[in-house]
file query-v6.cif (mmCIF, C-alpha atoms)
data_query
loop_
_atom_site.label_atom_id
_atom_site.label_comp_id
_atom_site.auth_asym_id
_atom_site.auth_seq_id
_atom_site.Cartn_x
_atom_site.Cartn_y
_atom_site.Cartn_z
CA MET W 1 26.28 16.02 12.28
CA ASN W 2 28.28 16.58 9.08
CA ASP W 3 31.78 15.07 9.22
CA ALA W 4 34.79 15.24 6.91
CA ARG W 5 38.08 13.37 7.36
CA ARG W 6 41.44 14.72 6.16
CA ARG W 7 45.12 13.86 6.52
CA ILE W 8 48.14 16.05 7.11
CA PRO W 9 51.59 14.76 8.09
CA GLU W 10 51.32 12.70 11.31
CA LEU W 11 47.72 13.74 12.00
CA THR W 12 44.24 12.73 11.04
CA LEU W 13 41.74 15.59 11.13
CA VAL W 14 38.03 14.98 11.43
CA GLU W 15 35.84 18.04 10.90
CA HIS W 16 32.44 18.13 12.59
CA GLU W 17 29.62 20.58 11.90
CA LEU W 18 26.37 20.63 13.84
CA SER W 19 23.27 22.81 13.64
CA VAL W 20 22.29 24.12 17.09
CA PRO W 21 19.71 26.61 18.39
CA LEU W 22 20.86 30.20 18.75
CA ASP W 23 18.80 30.29 21.93
CA HIS W 24 18.98 26.96 23.75
CA ALA W 25 15.75 27.85 25.56
CA ASP W 26 14.05 27.93 22.15
CA PRO W 27 15.18 24.75 20.35
CA GLY W 28 12.72 25.33 17.50
CA GLY W 29 13.93 28.84 16.79
CA GLU W 30 16.82 30.31 14.78
CA LYS W 31 19.72 27.94 14.11
CA ILE W 32 23.45 28.51 13.89
CA THR W 33 26.34 26.20 12.99
CA VAL W 34 28.95 24.97 15.44
CA PHE W 35 32.23 23.63 14.08
CA ALA W 36 34.88 21.50 15.77
CA ARG W 37 38.03 19.88 14.40
CA GLU W 38 39.15 16.60 15.94
CA LEU W 39 42.90 15.85 15.97
CA ILE W 40 44.04 12.23 16.08
CA GLY W 41 47.70 11.31 16.37
CA ASP W 42 49.43 8.44 14.59
CA ALA W 43 50.16 6.30 17.64
CA ARG W 44 48.74 2.80 17.55
CA GLY W 45 45.24 2.85 19.00
CA ALA W 46 44.94 6.65 18.85
CA GLU W 47 41.55 6.40 17.13
CA GLY W 48 40.20 4.96 20.37
CA TYR W 49 41.75 7.49 22.76
CA PRO W 50 39.34 9.51 24.93
CA LEU W 51 38.39 13.00 23.79
CA LEU W 52 39.81 16.19 25.27
CA VAL W 53 37.79 19.29 24.30
CA TYR W 54 39.71 22.55 24.09
CA PHE W 55 38.04 25.87 24.90
CA GLN W 56 39.98 28.80 23.43
CA GLY W 57 40.68 32.07 25.20
CA GLY W 58 39.06 35.32 24.16
CA PRO W 59 36.14 35.65 24.09
CA GLY W 60 35.60 35.94 20.37
CA SER W 61 38.46 33.83 19.01
CA GLU W 62 38.23 30.54 17.18
CA ALA W 63 40.17 27.47 18.29
CA THR W 64 43.85 27.15 17.48
CA ARG W 65 44.56 25.91 13.94
CA THR W 66 47.03 23.09 13.34
CA PRO W 67 48.82 23.49 9.98
CA SER W 68 51.12 20.54 10.63
CA ALA W 69 51.94 17.95 13.24
CA PRO W 70 52.30 19.76 16.59
CA ALA W 71 55.69 19.95 18.25
CA GLU W 72 56.29 17.51 21.09
CA LYS W 73 56.83 20.43 23.48
CA SER W 74 53.46 21.99 22.67
CA TRP W 75 50.41 21.26 24.78
CA VAL W 76 48.72 19.68 21.76
CA GLY W 77 51.70 17.38 21.23
CA ARG W 78 51.49 16.30 24.88
CA ALA W 79 47.73 15.84 24.74
CA LEU W 80 47.88 13.63 21.65
CA GLN W 81 49.95 11.12 23.56
CA GLU W 82 46.76 9.96 25.30
CA TYR W 83 43.80 11.90 23.89
CA ARG W 84 42.04 12.80 20.72
CA VAL W 85 41.80 16.61 20.86
CA LEU W 86 38.60 18.38 19.84
CA MET W 87 39.24 22.00 18.86
CA LEU W 88 35.88 23.74 19.30
CA ASP W 89 35.19 26.99 17.47
CA GLN W 90 33.02 28.75 20.03
CA ARG W 91 29.79 30.12 18.60
CA GLY W 92 30.34 33.40 16.81
CA THR W 93 33.94 32.56 15.87
CA GLY W 94 35.87 30.79 13.11
CA ARG W 95 33.53 28.45 11.25
CA SER W 96 30.83 28.55 13.94
CA THR W 97 28.52 31.14 12.32
CA PRO W 98 30.99 33.98 12.91
CA VAL W 99 29.80 37.39 14.09
CA GLY W 100 30.59 40.41 11.97
CA SER W 101 28.28 43.41 11.90
CA LEU W 102 25.09 41.32 12.34
CA GLU W 103 23.76 42.99 9.23
CA GLY W 104 20.00 42.95 8.75
CA ARG W 105 19.17 43.19 12.45
CA ASP W 106 18.18 46.33 14.32
CA PRO W 107 20.18 47.25 17.47
CA GLU W 108 17.77 45.36 19.74
CA GLY W 109 18.04 42.29 17.53
CA GLN W 110 21.82 42.57 17.44
CA ALA W 111 21.94 42.86 21.23
CA ALA W 112 19.64 39.88 21.67
CA TYR W 113 21.96 37.85 19.41
CA LEU W 114 25.05 38.94 21.36
CA THR W 115 23.50 37.85 24.66
CA ARG W 116 23.50 34.28 23.31
CA LEU W 117 27.27 34.13 22.86
CA ARG W 118 28.56 33.67 26.40
CA ALA W 119 29.99 30.63 28.20
CA ASP W 120 26.58 29.28 29.18
CA SER W 121 25.58 28.96 25.52
CA ILE W 122 29.01 27.70 24.45
CA VAL W 123 28.88 24.89 27.00
CA ARG W 124 25.40 23.86 25.86
CA ASP W 125 26.74 23.71 22.30
CA ALA W 126 29.50 21.41 23.52
CA GLU W 127 26.90 19.18 25.14
CA LEU W 128 25.05 18.82 21.84
CA VAL W 129 28.32 17.97 20.09
CA ARG W 130 29.11 15.37 22.77
CA GLN W 131 25.73 13.76 22.33
CA ALA W 132 26.02 13.81 18.52
CA LEU W 133 29.39 12.06 18.74
CA GLY W 134 27.99 9.43 21.08
CA VAL W 135 30.49 10.23 23.84
CA ASP W 136 29.49 9.37 27.41
CA ARG W 137 32.05 11.57 29.20
CA TRP W 138 35.00 13.57 28.00
CA SER W 139 37.82 15.70 29.37
CA ILE W 140 37.97 19.47 28.95
CA MET W 141 40.74 22.06 28.87
CA GLY W 142 40.28 25.83 28.94
CA GLN W 143 42.79 28.60 28.36
CA SER W 144 41.92 32.06 29.78
CA PHE W 145 38.26 32.66 28.82
CA GLY W 146 38.19 28.97 27.98
CA GLY W 147 38.70 28.37 31.69
CA PHE W 148 35.55 30.40 32.36
CA CYS W 149 33.74 28.00 30.03
CA ALA W 150 35.21 25.05 31.92
CA LEU W 151 33.87 26.35 35.24
CA THR W 152 30.44 26.85 33.68
CA TYR W 153 30.63 23.26 32.41
CA LEU W 154 31.50 22.03 35.91
CA SER W 155 28.54 24.00 37.26
CA PHE W 156 25.82 22.68 34.99
CA PHE W 157 26.95 19.45 33.31
CA PRO W 158 29.46 17.77 35.65
CA GLY W 159 28.13 14.32 34.77
CA SER W 160 29.51 14.76 31.25
CA LEU W 161 33.10 15.27 32.43
CA ARG W 162 35.97 12.92 33.26
CA GLU W 163 38.39 15.69 34.29
CA ALA W 164 39.08 19.37 33.69
CA PHE W 165 42.28 21.36 33.11
CA ILE W 166 42.24 25.15 33.48
CA CYS W 167 45.10 27.41 32.36
CA GLY W 168 45.14 31.01 33.59
CA GLY W 169 41.35 31.11 33.55
CA LEU W 170 39.78 30.63 36.98
CA PRO W 171 37.12 33.37 36.96
CA PRO W 172 35.64 35.22 39.92
CA VAL W 173 32.35 33.75 41.13
CA ALA W 174 29.44 35.87 42.39
CA ARG W 175 31.51 39.05 42.14
CA PRO W 176 30.44 42.27 40.40
CA THR W 177 32.39 43.08 37.27
CA ASP W 178 33.80 46.17 38.97
CA ASP W 179 35.79 43.88 41.27
CA VAL W 180 37.69 42.65 38.21
CA TYR W 181 38.65 46.00 36.72
CA SER W 182 39.50 47.61 40.04
CA ARG W 183 42.20 44.94 40.29
CA THR W 184 43.45 44.78 36.72
CA TYR W 185 44.06 48.51 36.24
CA PRO W 186 46.86 48.75 38.84
CA ARG W 187 48.65 45.89 37.10
CA ALA W 188 48.30 47.58 33.72
CA VAL W 189 49.79 50.75 35.19
CA ASP W 190 52.62 48.72 36.75
CA ARG W 191 53.34 46.99 33.44
CA SER W 192 53.65 50.37 31.73
CA HIS W 193 56.18 51.54 34.31
CA ARG W 194 58.12 48.30 34.05
CA TYR W 195 58.11 48.63 30.28
CA TYR W 196 59.74 52.06 30.45
CA GLU W 197 62.31 50.73 32.91
CA ARG W 198 63.34 48.26 30.22
CA TYR W 199 63.02 50.69 27.30
CA PRO W 200 63.41 54.20 28.78
CA ASP W 201 63.89 55.89 25.38
CA ASP W 202 60.45 54.73 24.31
CA ARG W 203 58.72 57.21 26.60
CA GLU W 204 59.85 60.09 24.40
CA ARG W 205 58.85 58.08 21.32
CA VAL W 206 55.36 57.75 22.78
CA HIS W 207 55.22 61.49 23.46
CA GLU W 208 56.16 62.14 19.83
CA ILE W 209 53.54 59.70 18.57
CA GLN W 210 50.92 61.39 20.75
CA ARG W 211 51.91 64.78 19.27
CA LEU W 212 51.54 63.42 15.75
CA ILE W 213 48.14 61.96 16.67
CA ALA W 214 47.01 65.32 18.04
CA ASP W 215 48.01 66.92 14.72
CA GLY W 216 46.00 64.36 12.77
CA ALA W 217 49.16 63.17 11.05
CA LEU W 218 48.71 59.41 11.55
CA VAL W 219 46.11 57.71 9.40
CA LEU W 220 45.79 53.92 9.49
CA PRO W 221 45.67 51.75 6.34
CA THR W 222 41.92 51.37 6.94
CA GLY W 223 41.50 55.13 6.45
CA GLU W 224 40.76 55.75 10.12
CA PRO W 225 42.74 58.41 12.01
CA LEU W 226 44.75 56.90 14.83
CA THR W 227 43.43 58.28 18.13
CA ALA W 228 45.40 58.66 21.35
CA ARG W 229 43.07 56.36 23.27
CA ARG W 230 43.26 53.68 20.62
CA PHE W 231 47.05 53.93 20.57
CA ARG W 232 47.17 53.32 24.32
CA GLN W 233 45.54 49.94 23.77
CA LEU W 234 48.87 48.62 22.56
CA GLY W 235 49.38 47.87 26.25
CA MET W 236 47.14 44.83 25.85
CA MET W 237 50.19 42.84 24.79
CA LEU W 238 52.17 43.60 27.97
CA GLY W 239 50.67 40.64 29.83
CA MET W 240 52.34 38.12 27.53
CA SER W 241 55.84 36.74 27.95
CA ASP W 242 57.11 38.52 24.83
CA GLY W 243 54.76 41.50 25.09
CA ALA W 244 57.31 44.15 26.02
CA GLU W 245 59.54 43.19 23.11
CA ARG W 246 56.62 43.12 20.68
CA LEU W 247 55.55 46.58 21.80
CA HIS W 248 59.08 47.93 21.53
CA HIS W 249 59.44 46.54 18.02
CA ILE W 250 56.39 48.56 17.02
CA LEU W 251 57.45 51.74 18.78
CA GLU W 252 60.97 51.71 17.33
CA LEU W 253 59.51 52.01 13.83
CA PRO W 254 59.14 55.49 12.31
CA PRO W 255 55.55 56.44 13.22
CA ARG W 256 54.66 57.56 9.69
CA SER W 257 55.95 54.34 8.16
CA PRO W 258 53.61 51.75 6.62
CA ALA W 259 55.03 49.11 8.97
CA PHE W 260 54.16 51.11 12.12
CA LEU W 261 50.67 51.98 10.92
CA HIS W 262 50.01 48.40 9.81
CA ASP W 263 51.15 46.94 13.13
CA VAL W 264 49.11 49.39 15.19
CA THR W 265 46.02 48.58 13.15
CA GLY W 266 46.19 44.90 14.03
CA VAL W 267 46.74 45.20 17.78
CA GLY W 268 43.90 43.72 19.80
CA GLY W 269 42.37 41.94 16.82
CA PHE W 270 39.14 43.93 17.14
CA THR W 271 38.67 44.32 13.41
CA ARG W 272 39.18 40.60 12.83
CA ASN W 273 37.16 39.46 15.83
CA PRO W 274 34.60 42.16 16.71
CA LEU W 275 32.88 39.78 19.11
CA TYR W 276 35.73 40.28 21.57
CA ALA W 277 34.85 43.95 22.01
CA ALA W 278 31.11 43.32 22.06
CA VAL W 279 30.97 40.73 24.84
CA HIS W 280 34.27 40.91 26.73
CA GLU W 281 32.95 42.59 29.88
CA ALA W 282 29.90 40.33 29.75
CA CYS W 283 32.09 37.25 30.15
CA TYR W 284 32.73 38.40 33.74
CA ALA W 285 29.08 39.18 34.51
CA ASP W 286 28.03 36.43 36.91
CA GLY W 287 24.55 37.79 37.61
CA CYS W 288 25.05 41.55 37.28
CA VAL W 289 25.05 44.55 34.93
CA THR W 290 28.47 45.64 33.61
CA ALA W 291 27.56 49.23 32.65
CA TRP W 292 30.94 49.84 30.97
CA SER W 293 32.89 48.90 34.06
CA ALA W 294 36.35 49.57 32.61
CA GLU W 295 35.31 53.05 31.44
CA ARG W 296 33.84 53.98 34.82
CA LEU W 297 36.84 52.72 36.79
CA LEU W 298 39.61 54.27 34.67
CA PRO W 299 42.05 55.52 37.34
CA ALA W 300 43.54 59.01 37.60
CA ASP W 301 46.96 57.53 36.72
CA TYR W 302 45.92 57.75 33.09
CA GLY W 303 46.34 61.48 33.19
CA ASP W 304 49.85 60.45 32.13
CA PRO W 305 49.50 60.06 28.34
CA THR W 306 52.41 57.61 28.14
CA LEU W 307 50.66 54.91 30.17
CA PHE W 308 49.08 52.03 28.30
CA THR W 309 45.78 50.36 29.09
CA GLY W 310 45.35 46.60 29.26
CA GLU W 311 42.56 44.18 28.45
CA HIS W 312 39.86 46.81 28.84
CA ILE W 313 36.90 47.58 26.61
CA TYR W 314 35.43 51.08 26.24
CA PRO W 315 32.31 52.51 24.58
CA TRP W 316 34.42 54.88 22.46
CA MET W 317 35.90 51.86 20.65
CA PHE W 318 32.65 51.57 18.73
CA GLU W 319 33.45 54.99 17.28
CA ASP W 320 37.22 54.81 16.80
CA TYR W 321 37.17 51.39 15.12
CA ALA W 322 35.14 51.71 11.92
CA LEU W 323 34.37 48.00 11.75
CA LEU W 324 32.83 48.10 15.23
CA ARG W 325 30.48 51.00 14.46
CA PRO W 326 27.62 48.82 13.19
CA LEU W 327 27.45 47.28 16.69
CA ALA W 328 27.62 50.54 18.66
CA GLU W 329 23.97 50.76 19.69
CA ALA W 330 23.81 47.05 20.40
CA ALA W 331 26.92 47.28 22.58
CA GLU W 332 25.23 50.00 24.62
CA ILE W 333 22.19 47.78 25.15
CA VAL W 334 24.41 44.83 26.12
CA ALA W 335 26.28 46.99 28.63
CA HIS W 336 23.02 47.54 30.52
CA HIS W 337 21.72 43.98 30.20
CA GLU W 338 20.93 42.14 33.43
CA TRP W 339 22.98 38.99 33.02
CA PRO W 340 22.02 35.61 34.50
CA ARG W 341 24.43 33.58 36.63
CA LEU W 342 27.26 31.75 34.90
CA TYR W 343 28.20 29.48 37.79
CA ASP W 344 26.43 27.33 40.37
CA GLU W 345 28.20 27.78 43.70
CA THR W 346 26.28 24.95 45.33
CA GLN W 347 27.31 22.47 42.64
CA LEU W 348 30.92 23.66 42.63
CA ALA W 349 31.11 23.18 46.40
CA VAL W 350 30.27 19.48 46.02
CA ASN W 351 32.09 18.94 42.71
CA GLU W 352 33.33 15.39 42.14
CA VAL W 353 35.08 15.95 38.79
CA PRO W 354 38.89 16.03 39.19
CA VAL W 355 40.10 19.54 38.30
CA ALA W 356 43.59 21.05 38.07
CA ALA W 357 44.15 24.76 37.47
CA VAL W 358 47.32 26.73 36.91
CA ILE W 359 47.13 30.25 38.36
CA TYR W 360 49.75 32.68 37.12
CA ALA W 361 50.94 34.76 40.06
CA ASN W 362 51.63 37.85 37.95
CA ASP W 363 48.75 37.49 35.50
CA MET W 364 47.88 40.90 34.05
CA TYR W 365 44.47 39.81 32.78
CA VAL W 366 42.94 37.30 35.23
CA ASP W 367 43.33 38.42 38.82
CA ARG W 368 45.32 36.02 40.97
CA GLU W 369 43.50 36.74 44.23
CA LEU W 370 40.07 36.23 42.70
CA SER W 371 41.28 33.01 41.06
CA GLU W 372 42.57 31.72 44.39
CA GLU W 373 39.26 32.65 46.00
CA THR W 374 37.42 30.58 43.40
CA ALA W 375 39.85 27.67 43.74
CA ALA W 376 39.17 27.52 47.47
CA HIS W 377 35.43 27.09 46.88
CA VAL W 378 35.56 24.39 44.18
CA ARG W 379 35.73 20.93 45.71
CA ASN W 380 38.21 18.52 44.18
CA LEU W 381 40.20 21.31 42.48
CA ARG W 382 43.97 21.25 42.81
CA PRO W 383 45.53 24.67 42.13
CA TRP W 384 49.06 25.25 40.91
CA LEU W 385 50.24 28.79 41.68
CA THR W 386 53.37 29.72 39.74
CA ASN W 387 55.36 32.82 38.81
CA GLU W 388 57.27 30.98 36.08
CA TYR W 389 54.95 32.14 33.31
CA GLU W 390 52.90 35.06 32.16
CA HIS W 391 49.35 34.56 30.88
CA ASP W 392 50.61 32.55 27.88
CA GLY W 393 52.20 29.67 29.75
CA ILE W 394 50.72 27.02 27.47
CA ARG W 395 52.10 28.83 24.46
CA GLN W 396 55.58 28.98 25.95
CA GLN W 397 55.92 25.55 27.56
CA GLY W 398 52.63 23.87 26.82
CA ALA W 399 53.76 20.28 27.23
CA ARG W 400 55.24 20.96 30.65
CA VAL W 401 52.18 22.89 31.83
CA LEU W 402 49.69 20.27 30.66
CA ASP W 403 51.83 17.44 32.00
CA ARG W 404 51.81 19.06 35.44
CA LEU W 405 48.03 19.55 35.32
CA ILE W 406 47.50 15.92 34.31
CA SER W 407 49.68 14.82 37.22
CA LEU W 408 47.71 16.97 39.65
CA VAL W 409 44.37 15.60 38.47
CA ARG W 410 45.54 12.02 38.83
CA ALA W 411 47.48 12.37 42.09
#

call {"tool": "encode", "arguments": {"input": "query-v6.cif", "output": "structure tokens"}}
result
Amino acid sequence: MNDARRRIPELTLVEHELSVPLDHADPGGEKITVFARELIGDARGAEGYPLLVYFQGGPGSEATRTPSAPAEKSWVGRALQEYRVLMLDQRGTGRSTPVGSLEGRDPEGQAAYLTRLRADSIVRDAELVRQALGVDRWSIMGQSFGGFCALTYLSFFPGSLREAFICGGLPPVARPTDDVYSRTYPRAVDRSHRYYERYPDDRERVHEIQRLIADGALVLPTGEPLTARRFRQLGMMLGMSDGAERLHHILELPPRSPAFLHDVTGVGGFTRNPLYAAVHEACYADGCVTAWSAERLLPADYGDPTLFTGEHIYPWMFEDYALLRPLAEAAEIVAHHEWPRLYDETQLAVNEVPVAAVIYANDMYVDRELSEETAAHVRNLRPWLTNEYEHDGIRQQGARVLDRLISLVRA
């Protein structure tokens, strides 16, 4: 393990890099790098605090960066009161051998690489990091997709864990992927209607934008023409606490303006983090084939061109987004891959690790009913169902959310 120690105001940062197998079943094969940044507060004795490993949401996004000492009201600020925090860049993201176009590999090789980037591989990376650091047991925290990783960890390496905190990320277990999208589409439709109730004038703005798109009048800074289906993906942000306002602030801009075109280009982050598009449906595949579930289940409601989609991935994205095109054939192969199980129901039923999970009652992305179903089958898990927050509760009131989860685990 390669380590580097740095200081910023009120924090010590220790950077860890470790070489791990791309395929954990083939330890002598191709290697990739996994990076994690350890945060240590300035309290007396903080160097000896236990480790809390953070699994970021996504998939396809690196861990949160910390440019300065975290605010006391943030979840990191709360965590540093009694933990060292290990920010893990999941494989394929950030400084952990990031995925771009996978240049130099044919589509089959690209697809094979992508199949090694799910929660089961991420958790095995974490285990190698734990062993390299000489840690007996540590605590884990997962936000959204990070919660999926936490449940995989509880399934296969419970002996490595002291406790687990899950934020808006209790995944369905032993369910086909179609069960997810059949539930998330109605909420995306509802969020669109609620958006127009708040900003009724924006419906006509959307009609005008769609007319300009049909005329080929809107070209993004990347040189790509804006398509109607890509434009509808702005609805991804509607599941966040400030999502409606962020969307309105884009739509109120003149559609031919540089600001509008720039902001539309960045929505979804697909050009920055192509891995999200390539493996998003796969993160729900607990022993099944996804077969472009979101595309197949698109409801008739979307005959209304003013409705926005949500956190859904479609095969056409690998045409409309130029930076995704090099992965188009691989994405097709991945969509028809027979995925292994991500969770061990037998182990979860006898789980002894203390777990607390916040379930957001109105979560647009992670279905509440399926999360509650999972919570009921994981022994020693204390759920907290709340309608106080959207999917980004730890971003809005992170200290309060984490404090409640810590209290639940230790009750």

call {"tool": "atom_distance", "arguments": {"input": "query-v6.cif", "atom1": "atom CA of W:Pro254", "atom2": "atom CA of W:Arg194"}}
result
22.9 Å

call {"tool": "resolve_selection", "arguments": {"input": "query-v6.cif", "expression": "the PyMOL selection byres ((chain W and resi 119) around 12)", "output": "JSON, numbers by chain"}}
result
{"W": [55, 56, 57, 58, 59, 60, 90, 91, 92, 114, 115, 116, 117, 118, 120, 121, 122, 123, 124, 125, 126, 142, 145, 146, 147, 148, 149, 150, 151, 152, 153, 154, 155, 156, 171, 279, 280, 282, 283, 284, 285, 286, 339, 340, 341, 342, 343]}

call {"tool": "resolve_selection", "arguments": {"input": "query-v6.cif", "expression": "the PyMOL selection byres ((chain W and resi 168) around 7)", "output": "list of chain:residue names"}}
result
W:Gln143, W:Ser144, W:Ile166, W:Cys167, W:Gly169, W:Leu170, W:Val358, W:Ile359, W:Tyr360, W:Val366, W:His391

call {"tool": "residues_around", "arguments": {"input": "query-v6.cif", "residues": "W:Leu80", "least_positions_apart": "6", "cutoff": "10 Å", "atoms": "all atoms listed in the file", "output": "JSON, numbers by chain"}}
result
{"W": [11, 39, 40, 41, 42, 43, 46, 49, 51, 52, 70, 72]}

call {"tool": "write_last_selection", "arguments": {"input": "query-v6.cif", "atoms": "C-alpha atoms", "output": "PDB file, in the frame of the given file"}}
result
ATOM      1  CA  LEU W  11      47.720  13.740  12.000  1.00  0.00           C
ATOM      2  CA  LEU W  39      42.900  15.850  15.970  1.00  0.00           C
ATOM      3  CA  ILE W  40      44.040  12.230  16.080  1.00  0.00           C
ATOM      4  CA  GLY W  41      47.700  11.310  16.370  1.00  0.00           C
ATOM      5  CA  ASP W  42      49.430   8.440  14.590  1.00  0.00           C
ATOM      6  CA  ALA W  43      50.160   6.300  17.640  1.00  0.00           C
ATOM      7  CA  ALA W  46      44.940   6.650  18.850  1.00  0.00           C
ATOM      8  CA  TYR W  49      41.750   7.490  22.760  1.00  0.00           C
ATOM      9  CA  LEU W  51      38.390  13.000  23.790  1.00  0.00           C
ATOM     10  CA  LEU W  52      39.810  16.190  25.270  1.00  0.00           C
ATOM     11  CA  PRO W  70      52.300  19.760  16.590  1.00  0.00           C
ATOM     12  CA  GLU W  72      56.290  17.510  21.090  1.00  0.00           C
TER      13      GLU W  72
END

call {"tool": "residues_near_point", "arguments": {"input": "query-v6.cif", "point": "(46.8, 18.3, 35.8)", "cutoff": "9 Å", "atoms": "all atoms listed in the file", "output": "ChimeraX atom specification"}}
result
/W:163-166,354-358,382,384,401-411

call {"tool": "residues_around", "arguments": {"input": "query-v6.cif", "residues": "W:Thr184", "least_positions_apart": "4", "cutoff": "8 Å", "atoms": "only C-alpha atoms", "output": "PDB file with C-alpha atoms, in the frame of the given file"}}
result
ATOM      1  CA  VAL W 180      37.690  42.650  38.210  1.00  0.00           C
ATOM      2  CA  ALA W 188      48.300  47.580  33.720  1.00  0.00           C
ATOM      3  CA  GLY W 310      45.350  46.600  29.260  1.00  0.00           C
ATOM      4  CA  MET W 364      47.880  40.900  34.050  1.00  0.00           C
ATOM      5  CA  TYR W 365      44.470  39.810  32.780  1.00  0.00           C
ATOM      6  CA  VAL W 366      42.940  37.300  35.230  1.00  0.00           C
ATOM      7  CA  ASP W 367      43.330  38.420  38.820  1.00  0.00           C
TER       8      ASP W 367
END

call {"tool": "residues_near_point", "arguments": {"input": "query-v6.cif", "point": "(33.0, 40.4, 17.1)", "cutoff": "6 Å", "atoms": "only C-alpha atoms", "output": "ChimeraX atom specification"}}
result
/W:99-100,273-276

call {"tool": "residues_around", "arguments": {"input": "query-v6.cif", "residues": "W:Glu332", "least_positions_apart": "6", "cutoff": "10 Å", "atoms": "only C-alpha atoms", "output": "mmCIF file with C-alpha atoms, in the coordinates of the input"}}
result
data_model
loop_
_atom_site.group_PDB
_atom_site.id
_atom_site.type_symbol
_atom_site.label_atom_id
_atom_site.label_comp_id
_atom_site.auth_asym_id
_atom_site.auth_seq_id
_atom_site.Cartn_x
_atom_site.Cartn_y
_atom_site.Cartn_z
ATOM 1 C CA PRO W 107 20.180 47.250 17.470
ATOM 2 C CA ALA W 111 21.940 42.860 21.230
ATOM 3 C CA ALA W 278 31.110 43.320 22.060
ATOM 4 C CA ALA W 291 27.560 49.230 32.650
ATOM 5 C CA TRP W 292 30.940 49.840 30.970
ATOM 6 C CA PRO W 315 32.310 52.510 24.580
ATOM 7 C CA PHE W 318 32.650 51.570 18.730
#
